$ cat start-v2.pdb   # PDB, C-alpha atoms
ATOM      1  CA  MET A   1     -84.186 -23.120  74.616  1.00  0.00           C
ATOM      2  CA  LEU A   2     -82.411 -26.462  74.801  1.00  0.00           C
ATOM      3  CA  ILE A   3     -78.873 -26.979  73.525  1.00  0.00           C
ATOM      4  CA  ILE A   4     -77.568 -30.527  73.346  1.00  0.00           C
ATOM      5  CA  ALA A   5     -73.836 -31.217  73.617  1.00  0.00           C
ATOM      6  CA  ASP A   6     -73.276 -34.754  72.380  1.00  0.00           C
ATOM      7  CA  ARG A   7     -69.666 -35.350  73.427  1.00  0.00           C
ATOM      8  CA  PRO A   8     -69.301 -38.837  71.864  1.00  0.00           C
ATOM      9  CA  ARG A   9     -70.496 -37.513  68.486  1.00  0.00           C
ATOM     10  CA  GLY A  10     -68.597 -34.235  68.873  1.00  0.00           C
ATOM     11  CA  MET A  11     -71.667 -32.183  68.008  1.00  0.00           C
ATOM     12  CA  LEU A  12     -73.616 -29.381  69.665  1.00  0.00           C
ATOM     13  CA  THR A  13     -77.210 -29.090  68.461  1.00  0.00           C
ATOM     14  CA  LEU A  14     -79.531 -26.122  68.823  1.00  0.00           C
ATOM     15  CA  HIS A  15     -83.206 -26.174  67.791  1.00  0.00           C
ATOM     16  CA  LYS A  16     -82.647 -29.734  66.462  1.00  0.00           C
ATOM     17  CA  GLU A  17     -81.079 -28.295  63.311  1.00  0.00           C
ATOM     18  CA  VAL A  18     -78.225 -25.863  63.939  1.00  0.00           C
ATOM     19  CA  CYS A  19     -75.112 -27.905  64.635  1.00  0.00           C
ATOM     20  CA  PHE A  20     -71.610 -26.942  65.711  1.00  0.00           C
ATOM     21  CA  PRO A  21     -68.610 -29.287  65.967  1.00  0.00           C
ATOM     22  CA  ILE A  22     -67.309 -29.553  69.541  1.00  0.00           C
ATOM     23  CA  SER A  23     -64.719 -31.455  71.530  1.00  0.00           C
ATOM     24  CA  ASN A  24     -64.188 -32.154  75.215  1.00  0.00           C
ATOM     25  CA  SER A  25     -60.651 -33.456  75.263  1.00  0.00           C
ATOM     26  CA  VAL A  26     -58.988 -32.842  78.617  1.00  0.00           C
ATOM     27  CA  ARG A  27     -55.265 -32.856  79.336  1.00  0.00           C
ATOM     28  CA  SER A  28     -55.027 -34.975  82.489  1.00  0.00           C
ATOM     29  CA  LEU A  29     -52.753 -37.101  84.625  1.00  0.00           C
ATOM     30  CA  ARG A  30     -55.106 -40.068  84.057  1.00  0.00           C
ATOM     31  CA  GLU A  31     -54.561 -39.855  80.323  1.00  0.00           C
ATOM     32  CA  GLY A  32     -50.821 -39.226  80.688  1.00  0.00           C
ATOM     33  CA  THR A  33     -51.228 -35.905  78.832  1.00  0.00           C
ATOM     34  CA  ARG A  34     -50.623 -33.545  81.768  1.00  0.00           C
ATOM     35  CA  LYS A  35     -47.218 -33.003  83.365  1.00  0.00           C
ATOM     36  CA  LYS A  36     -46.988 -33.365  87.152  1.00  0.00           C
ATOM     37  CA  SER A  37     -45.868 -29.727  87.270  1.00  0.00           C
ATOM     38  CA  GLU A  38     -49.006 -28.459  85.451  1.00  0.00           C
ATOM     39  CA  VAL A  39     -51.165 -28.234  88.569  1.00  0.00           C
ATOM     40  CA  VAL A  40     -54.774 -27.113  88.135  1.00  0.00           C
ATOM     41  CA  LEU A  41     -56.807 -25.619  90.988  1.00  0.00           C
ATOM     42  CA  SER A  42     -60.507 -26.126  91.575  1.00  0.00           C
ATOM     43  CA  ILE A  43     -62.991 -23.262  91.388  1.00  0.00           C
ATOM     44  CA  PRO A  44     -63.874 -21.768  93.869  1.00  0.00           C
ATOM     45  CA  HIS A  45     -61.804 -23.576  96.551  1.00  0.00           C
ATOM     46  CA  SER A  46     -58.392 -23.395  94.794  1.00  0.00           C
ATOM     47  CA  LEU A  47     -57.411 -26.967  95.644  1.00  0.00           C
ATOM     48  CA  PRO A  48     -55.264 -29.094  93.294  1.00  0.00           C
ATOM     49  CA  TYR A  49     -57.148 -31.638  91.192  1.00  0.00           C
ATOM     50  CA  ASP A  50     -56.772 -33.565  87.946  1.00  0.00           C
ATOM     51  CA  PRO A  51     -59.151 -32.074  85.314  1.00  0.00           C
ATOM     52  CA  LYS A  52     -62.124 -34.128  84.132  1.00  0.00           C
ATOM     53  CA  PRO A  53     -64.427 -33.716  81.109  1.00  0.00           C
ATOM     54  CA  PHE A  54     -67.486 -31.461  81.303  1.00  0.00           C
ATOM     55  CA  PRO A  55     -69.989 -33.176  83.600  1.00  0.00           C
ATOM     56  CA  PRO A  56     -72.969 -34.863  81.954  1.00  0.00           C
ATOM     57  CA  GLY A  57     -76.423 -33.645  82.892  1.00  0.00           C
ATOM     58  CA  LEU A  58     -78.821 -30.777  82.380  1.00  0.00           C
ATOM     59  CA  TRP A  59     -77.256 -27.378  83.120  1.00  0.00           C
ATOM     60  CA  ARG A  60     -78.199 -23.731  82.631  1.00  0.00           C
ATOM     61  CA  ILE A  61     -76.411 -21.201  80.472  1.00  0.00           C
ATOM     62  CA  THR A  62     -75.963 -18.331  82.902  1.00  0.00           C
ATOM     63  CA  ASP A  63     -74.122 -15.604  80.999  1.00  0.00           C
ATOM     64  CA  ILE A  64     -72.296 -14.546  77.863  1.00  0.00           C
ATOM     65  CA  GLU A  65     -68.951 -12.862  78.464  1.00  0.00           C
ATOM     66  CA  TRP A  66     -67.501 -11.103  75.437  1.00  0.00           C
ATOM     67  CA  GLN A  67     -63.721 -10.845  75.526  1.00  0.00           C
ATOM     68  CA  LYS A  68     -63.123  -8.386  72.682  1.00  0.00           C
ATOM     69  CA  ASP A  69     -63.142  -5.280  74.873  1.00  0.00           C
ATOM     70  CA  LYS A  70     -61.006  -6.668  77.695  1.00  0.00           C
ATOM     71  CA  SER A  71     -57.458  -7.729  78.237  1.00  0.00           C
ATOM     72  CA  PHE A  72     -57.737 -11.481  77.715  1.00  0.00           C
ATOM     73  CA  ASP A  73     -55.934 -14.562  76.516  1.00  0.00           C
ATOM     74  CA  PHE A  74     -57.361 -15.084  73.022  1.00  0.00           C
ATOM     75  CA  ASP A  75     -55.616 -18.451  72.574  1.00  0.00           C
ATOM     76  CA  THR A  76     -57.276 -19.858  75.703  1.00  0.00           C
ATOM     77  CA  TYR A  77     -60.832 -18.487  75.446  1.00  0.00           C
ATOM     78  CA  GLY A  78     -61.310 -16.953  72.019  1.00  0.00           C
ATOM     79  CA  THR A  79     -63.550 -13.918  71.824  1.00  0.00           C
ATOM     80  CA  VAL A  80     -66.398 -15.163  74.025  1.00  0.00           C
ATOM     81  CA  LYS A  81     -67.005 -17.302  77.099  1.00  0.00           C
ATOM     82  CA  ILE A  82     -70.404 -18.964  77.402  1.00  0.00           C
ATOM     83  CA  ARG A  83     -70.867 -19.484  81.145  1.00  0.00           C
ATOM     84  CA  THR A  84     -72.807 -22.355  82.721  1.00  0.00           C
ATOM     85  CA  ASN A  85     -73.802 -23.465  86.198  1.00  0.00           C
ATOM     86  CA  ALA A  86     -72.231 -26.901  85.644  1.00  0.00           C
ATOM     87  CA  TRP A  87     -70.213 -28.439  88.463  1.00  0.00           C
ATOM     88  CA  GLN A  88     -68.851 -31.785  89.566  1.00  0.00           C
ATOM     89  CA  TRP A  89     -66.980 -33.439  92.408  1.00  0.00           C
ATOM     90  CA  VAL A  90     -63.249 -33.795  91.746  1.00  0.00           C
ATOM     91  CA  GLU A  91     -60.603 -35.632  93.741  1.00  0.00           C
ATOM     92  CA  VAL A  92     -58.184 -33.382  95.627  1.00  0.00           C
ATOM     93  CA  TRP A  93     -54.474 -34.056  95.153  1.00  0.00           C
ATOM     94  CA  GLU A  94     -51.568 -33.698  97.535  1.00  0.00           C
ATOM     95  CA  LEU A  95     -48.584 -31.766  96.186  1.00  0.00           C
ATOM     96  CA  ASP A  96     -44.922 -32.614  96.744  1.00  0.00           C
ATOM     97  CA  GLU A  97     -42.208 -30.253  98.013  1.00  0.00           C
ATOM     98  CA  ASP A  98     -41.829 -28.815  94.476  1.00  0.00           C
ATOM     99  CA  SER A  99     -45.590 -28.105  94.280  1.00  0.00           C
ATOM    100  CA  ASP A 100     -46.079 -30.856  91.693  1.00  0.00           C
ATOM    101  CA  TYR A 101     -48.834 -33.487  91.796  1.00  0.00           C
ATOM    102  CA  LEU A 102     -47.884 -36.237  94.255  1.00  0.00           C
ATOM    103  CA  ARG A 103     -50.949 -38.414  94.931  1.00  0.00           C
ATOM    104  CA  PRO A 104     -54.711 -38.214  95.506  1.00  0.00           C
ATOM    105  CA  ARG A 105     -55.608 -37.163  99.064  1.00  0.00           C
ATOM    106  CA  GLY A 106     -58.732 -39.293  99.228  1.00  0.00           C
ATOM    107  CA  ASP A 107     -61.250 -36.460  99.499  1.00  0.00           C
ATOM    108  CA  GLU A 108     -63.288 -34.526  96.958  1.00  0.00           C
ATOM    109  CA  VAL A 109     -64.196 -30.903  96.357  1.00  0.00           C
ATOM    110  CA  LYS A 110     -66.829 -29.222  94.210  1.00  0.00           C
ATOM    111  CA  ASP A 111     -65.402 -27.769  90.972  1.00  0.00           C
ATOM    112  CA  MET A 112     -67.261 -25.138  88.933  1.00  0.00           C
ATOM    113  CA  GLY A 113     -66.561 -22.694  86.116  1.00  0.00           C
ATOM    114  CA  TYR A 114     -67.295 -24.957  83.151  1.00  0.00           C
ATOM    115  CA  LEU A 115     -67.650 -22.974  79.924  1.00  0.00           C
ATOM    116  CA  LEU A 116     -68.290 -23.346  76.229  1.00  0.00           C
ATOM    117  CA  HIS A 117     -65.576 -21.510  74.281  1.00  0.00           C
ATOM    118  CA  TRP A 118     -63.027 -21.767  71.509  1.00  0.00           C
ATOM    119  CA  SER A 119     -59.379 -22.429  72.297  1.00  0.00           C
ATOM    120  CA  ALA A 120     -56.210 -22.638  70.207  1.00  0.00           C
ATOM    121  CA  SER A 121     -55.357 -25.734  72.239  1.00  0.00           C
ATOM    122  CA  LYS A 122     -57.083 -28.987  71.341  1.00  0.00           C
ATOM    123  CA  THR A 123     -57.575 -29.608  75.078  1.00  0.00           C
ATOM    124  CA  THR A 124     -59.323 -27.709  77.872  1.00  0.00           C
ATOM    125  CA  LEU A 125     -59.597 -28.007  81.649  1.00  0.00           C
ATOM    126  CA  GLY A 126     -62.994 -29.652  81.145  1.00  0.00           C
ATOM    127  CA  CYS A 127     -64.801 -26.996  79.132  1.00  0.00           C
ATOM    128  CA  ILE A 128     -66.588 -27.789  75.887  1.00  0.00           C
ATOM    129  CA  ARG A 129     -64.439 -26.483  73.040  1.00  0.00           C
ATOM    130  CA  LEU A 130     -66.135 -25.072  69.950  1.00  0.00           C
ATOM    131  CA  SER A 131     -64.241 -25.717  66.707  1.00  0.00           C
ATOM    132  CA  ASN A 132     -63.641 -22.052  65.821  1.00  0.00           C
ATOM    133  CA  THR A 133     -64.253 -18.506  67.001  1.00  0.00           C
ATOM    134  CA  ALA A 134     -66.919 -17.842  64.370  1.00  0.00           C
ATOM    135  CA  ASN A 135     -69.081 -20.711  65.685  1.00  0.00           C
ATOM    136  CA  ALA A 136     -68.531 -19.576  69.275  1.00  0.00           C
ATOM    137  CA  GLU A 137     -69.684 -16.059  68.381  1.00  0.00           C
ATOM    138  CA  ILE A 138     -72.745 -17.255  66.431  1.00  0.00           C
ATOM    139  CA  LEU A 139     -73.810 -19.498  69.310  1.00  0.00           C
ATOM    140  CA  ALA A 140     -73.171 -16.746  71.873  1.00  0.00           C
ATOM    141  CA  LYS A 141     -75.314 -14.258  69.929  1.00  0.00           C
ATOM    142  CA  ILE A 142     -78.204 -16.739  69.682  1.00  0.00           C
ATOM    143  CA  ILE A 143     -78.006 -17.468  73.420  1.00  0.00           C
ATOM    144  CA  GLU A 144     -77.592 -13.796  74.309  1.00  0.00           C
ATOM    145  CA  LYS A 145     -80.810 -12.886  72.477  1.00  0.00           C
ATOM    146  CA  ALA A 146     -82.708 -15.685  74.218  1.00  0.00           C
ATOM    147  CA  LEU A 147     -81.410 -14.568  77.627  1.00  0.00           C
ATOM    148  CA  GLU A 148     -82.391 -10.948  76.857  1.00  0.00           C
ATOM    149  CA  ARG A 149     -85.926 -12.174  76.110  1.00  0.00           C
ATOM    150  CA  GLY A 150     -85.944 -13.832  79.543  1.00  0.00           C
ATOM    151  CA  GLU A 151     -85.816 -17.358  78.168  1.00  0.00           C
ATOM    152  CA  LYS A 152     -84.297 -20.177  80.175  1.00  0.00           C
ATOM    153  CA  VAL A 153     -81.379 -21.582  78.191  1.00  0.00           C
ATOM    154  CA  GLU A 154     -80.447 -25.130  79.118  1.00  0.00           C
ATOM    155  CA  LEU A 155     -77.489 -27.251  78.091  1.00  0.00           C
ATOM    156  CA  GLU A 156     -77.913 -31.024  78.079  1.00  0.00           C
ATOM    157  CA  VAL A 157     -74.510 -32.699  78.079  1.00  0.00           C
ATOM    158  CA  ILE A 158     -74.360 -36.360  77.034  1.00  0.00           C
TER
END
$ encode --input "start-v2.pdb" --output "structure tokens"
Amino acid sequence: MLIIADRPRGMLTLHKEVCFPISNSVRSLREGTRKKSEVVLSIPHSLPYDPKPFPPGLWRITDIEWQKDKSFDFDTYGTVKIRTNAWQWVEVWELDEDSDYLRPRGDEVKDMGYLLHWSASKTTLGCIRLSNTANAEILAKIIEKALERGEKVELEVI
């Protein structure tokens, strides 16, 4: 199964016909939309970096994580997280004495953990945001069935 996330068009397409509105707006220092005190840490190395949009390329959907039965932050992730193997290099930042962003260090680290999910916020830390929880759940159920059948589910991000 191939899912296409067309970020410029704001559309996720499945089977060339099922479409879901998406966004990939990131609150960042570059855009002037992130405060210096809102430090984000890379996954898995826990180093400070300035979030970037979901990396383009061909990725795998690796898991569906339902949040309904757990203690979770509904406003951040909605009812389901669609996990991917997407990753990208991000620039590591130095922090000042108050643990706020100071300046780039000049080195990079691998960042992972990119998801598809709904969020009450219009921005994410790089994840692809589905427009509502209903769409996130419909997509997750379709993917979950394909994974249960042993299908490879790929996500092409453009």
$ closest_atom_pairs --input "start-v2.pdb" --of "region 120-145 of chain A" --to "region 36-57 of chain A" --cutoff "8 Å" --atoms "only C-alpha atoms" --output "Markdown table"
| residue | atom | partner | partner_atom | distance |
| --- | --- | --- | --- | --- |
| A:Leu125 | CA | A:Pro51 | CA | 5.5 |
| A:Gly126 | CA | A:Pro53 | CA | 4.3 |
| A:Cys127 | CA | A:Phe54 | CA | 5.6 |
| A:Ile128 | CA | A:Phe54 | CA | 6.6 |
$ resolve_selection --input "start-v2.pdb" --expression "the PyMOL selection byres ((chain A and resi 62) around 10)" --output "MDAnalysis selection string"
chainID A and resid 59:61 63:65 82:86 115 143:144 147 152:154
$ write_last_selection --input "start-v2.pdb" --atoms "C-alpha atoms" --output "mmCIF file, keeping the file's coordinate frame"
data_model
loop_
_atom_site.group_PDB
_atom_site.id
_atom_site.type_symbol
_atom_site.label_atom_id
_atom_site.label_comp_id
_atom_site.auth_asym_id
_atom_site.auth_seq_id
_atom_site.Cartn_x
_atom_site.Cartn_y
_atom_site.Cartn_z
ATOM 1 C CA TRP A 59 -77.256 -27.378 83.120
ATOM 2 C CA ARG A 60 -78.199 -23.731 82.631
ATOM 3 C CA ILE A 61 -76.411 -21.201 80.472
ATOM 4 C CA ASP A 63 -74.122 -15.604 80.999
ATOM 5 C CA ILE A 64 -72.296 -14.546 77.863
ATOM 6 C CA GLU A 65 -68.951 -12.862 78.464
ATOM 7 C CA ILE A 82 -70.404 -18.964 77.402
ATOM 8 C CA ARG A 83 -70.867 -19.484 81.145
ATOM 9 C CA THR A 84 -72.807 -22.355 82.721
ATOM 10 C CA ASN A 85 -73.802 -23.465 86.198
ATOM 11 C CA ALA A 86 -72.231 -26.901 85.644
ATOM 12 C CA LEU A 115 -67.650 -22.974 79.924
ATOM 13 C CA ILE A 143 -78.006 -17.468 73.420
ATOM 14 C CA GLU A 144 -77.592 -13.796 74.309
ATOM 15 C CA LEU A 147 -81.410 -14.568 77.627
ATOM 16 C CA LYS A 152 -84.297 -20.177 80.175
ATOM 17 C CA VAL A 153 -81.379 -21.582 78.191
ATOM 18 C CA GLU A 154 -80.447 -25.130 79.118
#
$ residues_around --input "start-v2.pdb" --residues "Arg9 (chain A)" --least-positions-apart "4" --cutoff "12 Å" --atoms "all atoms listed in the file" --output "PyMOL selection string"
chain A and resi 4-5+13+19-24+157-158
$ closest_residue --input "start-v2.pdb" --among "A:Val80, A:Val92, A:Val18, A:Ile138" --to "Ser119 (chain A)" --atoms "all atoms listed in the file"
A:Val80
$ closest_residue --input "start-v2.pdb" --among "A:Lys141, A:Leu29, A:Ile3, A:Trp87" --to "Leu102 (chain A)" --atoms "all atoms listed in the file"
A:Leu29
$ axis_aligned_box --input "start-v2.pdb" --around "region 126-139 of chain A" --padding-each-side "4 Å" --output "JSON"
{"center_x": -68.4, "center_y": -22.9, "center_z": 72.8, "size_x": 18.8, "size_y": 21.6, "size_z": 24.8}
$ residues_around --input "start-v2.pdb" --residues "Asp75 (chain A)" --least-positions-apart "3" --cutoff "8 Å" --atoms "only C-alpha atoms" --output "PDB file with C-alpha atoms, keeping the file's coordinate frame"
ATOM      1  CA  GLY A  78     -61.310 -16.953  72.019  1.00  0.00           C
ATOM      2  CA  SER A 119     -59.379 -22.429  72.297  1.00  0.00           C
ATOM      3  CA  ALA A 120     -56.210 -22.638  70.207  1.00  0.00           C
ATOM      4  CA  SER A 121     -55.357 -25.734  72.239  1.00  0.00           C
TER       5      SER A 121
END
$ resolve_selection --input "start-v2.pdb" --expression "the PyMOL selection byres ((chain A and resi 123) around 6)" --output "PyMOL selection string"
chain A and resi 25-27+121-122+124
$ atom_distance --input "start-v2.pdb" --atom1 "CA of Trp93 (chain A)" --atom2 "CA of Glu108 (chain A)"
9.0 Å
$ atom_distance --input "start-v2.pdb" --atom1 "CA of Thr76 (chain A)" --atom2 "CA of Glu31 (chain A)"
20.7 Å
$ build_atoms --input "start-v2.pdb" --residues "region 29-61 of chain A" --atoms "N, CA and C atoms" --output "mmCIF file, in the frame of the given file"
data_model
loop_
_atom_site.group_PDB
_atom_site.id
_atom_site.type_symbol
_atom_site.label_atom_id
_atom_site.label_comp_id
_atom_site.auth_asym_id
_atom_site.auth_seq_id
_atom_site.Cartn_x
_atom_site.Cartn_y
_atom_site.Cartn_z
ATOM 1 N N LEU A 29 -53.717 -36.117 84.129
ATOM 2 C CA LEU A 29 -52.753 -37.101 84.625
ATOM 3 C C LEU A 29 -53.217 -38.509 84.266
ATOM 4 N N ARG A 30 -54.546 -38.748 84.369
ATOM 5 C CA ARG A 30 -55.106 -40.068 84.057
ATOM 6 C C ARG A 30 -54.769 -40.502 82.647
ATOM 7 N N GLU A 31 -54.819 -39.552 81.734
ATOM 8 C CA GLU A 31 -54.561 -39.855 80.323
ATOM 9 C C GLU A 31 -53.074 -39.810 79.988
ATOM 10 N N GLY A 32 -52.259 -39.353 80.935
ATOM 11 C CA GLY A 32 -50.821 -39.226 80.688
ATOM 12 C C GLY A 32 -50.491 -38.041 79.795
ATOM 13 N N THR A 33 -51.417 -37.068 79.717
ATOM 14 C CA THR A 33 -51.228 -35.905 78.832
ATOM 15 C C THR A 33 -50.962 -34.621 79.608
ATOM 16 N N ARG A 34 -50.920 -34.713 80.930
ATOM 17 C CA ARG A 34 -50.623 -33.545 81.768
ATOM 18 C C ARG A 34 -49.355 -33.841 82.546
ATOM 19 N N LYS A 35 -48.440 -32.866 82.579
ATOM 20 C CA LYS A 35 -47.218 -33.003 83.365
ATOM 21 C C LYS A 35 -47.545 -32.835 84.842
ATOM 22 N N LYS A 36 -46.774 -33.482 85.702
ATOM 23 C CA LYS A 36 -46.988 -33.365 87.152
ATOM 24 C C LYS A 36 -46.822 -31.933 87.635
ATOM 25 N N SER A 37 -46.090 -31.122 86.872
ATOM 26 C CA SER A 37 -45.868 -29.727 87.270
ATOM 27 C C SER A 37 -46.988 -28.793 86.798
ATOM 28 N N GLU A 38 -47.905 -29.275 85.979
ATOM 29 C CA GLU A 38 -49.006 -28.459 85.451
ATOM 30 C C GLU A 38 -50.239 -28.592 86.357
ATOM 31 N N VAL A 39 -50.122 -28.086 87.558
ATOM 32 C CA VAL A 39 -51.165 -28.234 88.569
ATOM 33 C C VAL A 39 -52.337 -27.302 88.259
ATOM 34 N N VAL A 40 -53.535 -27.858 88.362
ATOM 35 C CA VAL A 40 -54.774 -27.113 88.135
ATOM 36 C C VAL A 40 -55.500 -27.017 89.468
ATOM 37 N N LEU A 41 -56.095 -25.848 89.731
ATOM 38 C CA LEU A 41 -56.807 -25.619 90.988
ATOM 39 C C LEU A 41 -58.312 -25.541 90.755
ATOM 40 N N SER A 42 -59.046 -26.119 91.673
ATOM 41 C CA SER A 42 -60.507 -26.126 91.575
ATOM 42 C C SER A 42 -61.065 -24.720 91.769
ATOM 43 N N ILE A 43 -62.262 -24.516 91.213
ATOM 44 C CA ILE A 43 -62.991 -23.262 91.388
ATOM 45 C C ILE A 43 -64.228 -23.591 92.210
ATOM 46 N N PRO A 44 -64.467 -22.977 93.323
ATOM 47 C CA PRO A 44 -63.874 -21.768 93.869
ATOM 48 C C PRO A 44 -62.850 -22.017 94.984
ATOM 49 N N HIS A 45 -62.593 -23.283 95.353
ATOM 50 C CA HIS A 45 -61.804 -23.576 96.551
ATOM 51 C C HIS A 45 -60.290 -23.561 96.348
ATOM 52 N N SER A 46 -59.827 -23.470 95.116
ATOM 53 C CA SER A 46 -58.392 -23.395 94.794
ATOM 54 C C SER A 46 -57.591 -24.558 95.378
ATOM 55 N N LEU A 47 -58.124 -25.764 95.216
ATOM 56 C CA LEU A 47 -57.411 -26.967 95.644
ATOM 57 C C LEU A 47 -56.944 -27.740 94.412
ATOM 58 N N PRO A 48 -55.776 -28.378 94.462
ATOM 59 C CA PRO A 48 -55.264 -29.094 93.294
ATOM 60 C C PRO A 48 -56.118 -30.307 92.951
ATOM 61 N N TYR A 49 -56.385 -30.477 91.671
ATOM 62 C CA TYR A 49 -57.148 -31.638 91.192
ATOM 63 C C TYR A 49 -56.709 -31.944 89.769
ATOM 64 N N ASP A 50 -57.064 -33.138 89.311
ATOM 65 C CA ASP A 50 -56.772 -33.565 87.946
ATOM 66 C C ASP A 50 -58.027 -33.313 87.108
ATOM 67 N N PRO A 51 -57.955 -32.441 86.084
ATOM 68 C CA PRO A 51 -59.151 -32.074 85.314
ATOM 69 C C PRO A 51 -59.898 -33.275 84.729
ATOM 70 N N LYS A 52 -61.219 -33.115 84.682
ATOM 71 C CA LYS A 52 -62.124 -34.128 84.132
ATOM 72 C C LYS A 52 -62.977 -33.467 83.049
ATOM 73 N N PRO A 53 -63.543 -34.276 82.137
ATOM 74 C CA PRO A 53 -64.427 -33.716 81.109
ATOM 75 C C PRO A 53 -65.645 -33.025 81.711
ATOM 76 N N PHE A 54 -66.263 -32.167 80.930
ATOM 77 C CA PHE A 54 -67.486 -31.461 81.303
ATOM 78 C C PHE A 54 -68.486 -32.475 81.860
ATOM 79 N N PRO A 55 -69.080 -32.195 82.997
ATOM 80 C CA PRO A 55 -69.989 -33.176 83.600
ATOM 81 C C PRO A 55 -71.270 -33.368 82.791
ATOM 82 N N PRO A 56 -71.695 -34.624 82.637
ATOM 83 C CA PRO A 56 -72.969 -34.863 81.954
ATOM 84 C C PRO A 56 -74.126 -34.367 82.816
ATOM 85 N N GLY A 57 -75.237 -34.082 82.165
ATOM 86 C CA GLY A 57 -76.423 -33.645 82.892
ATOM 87 C C GLY A 57 -77.085 -32.472 82.214
ATOM 88 N N LEU A 58 -78.080 -31.929 82.882
ATOM 89 C CA LEU A 58 -78.821 -30.777 82.380
ATOM 90 C C LEU A 58 -78.389 -29.552 83.185
ATOM 91 N N TRP A 59 -77.817 -28.575 82.498
ATOM 92 C CA TRP A 59 -77.256 -27.378 83.120
ATOM 93 C C TRP A 59 -77.896 -26.135 82.519
ATOM 94 N N ARG A 60 -77.693 -25.005 83.157
ATOM 95 C CA ARG A 60 -78.199 -23.731 82.631
ATOM 96 C C ARG A 60 -77.053 -22.923 82.063
ATOM 97 N N ILE A 61 -77.329 -22.225 80.971
ATOM 98 C CA ILE A 61 -76.411 -21.201 80.472
ATOM 99 C C ILE A 61 -76.722 -19.967 81.299
#
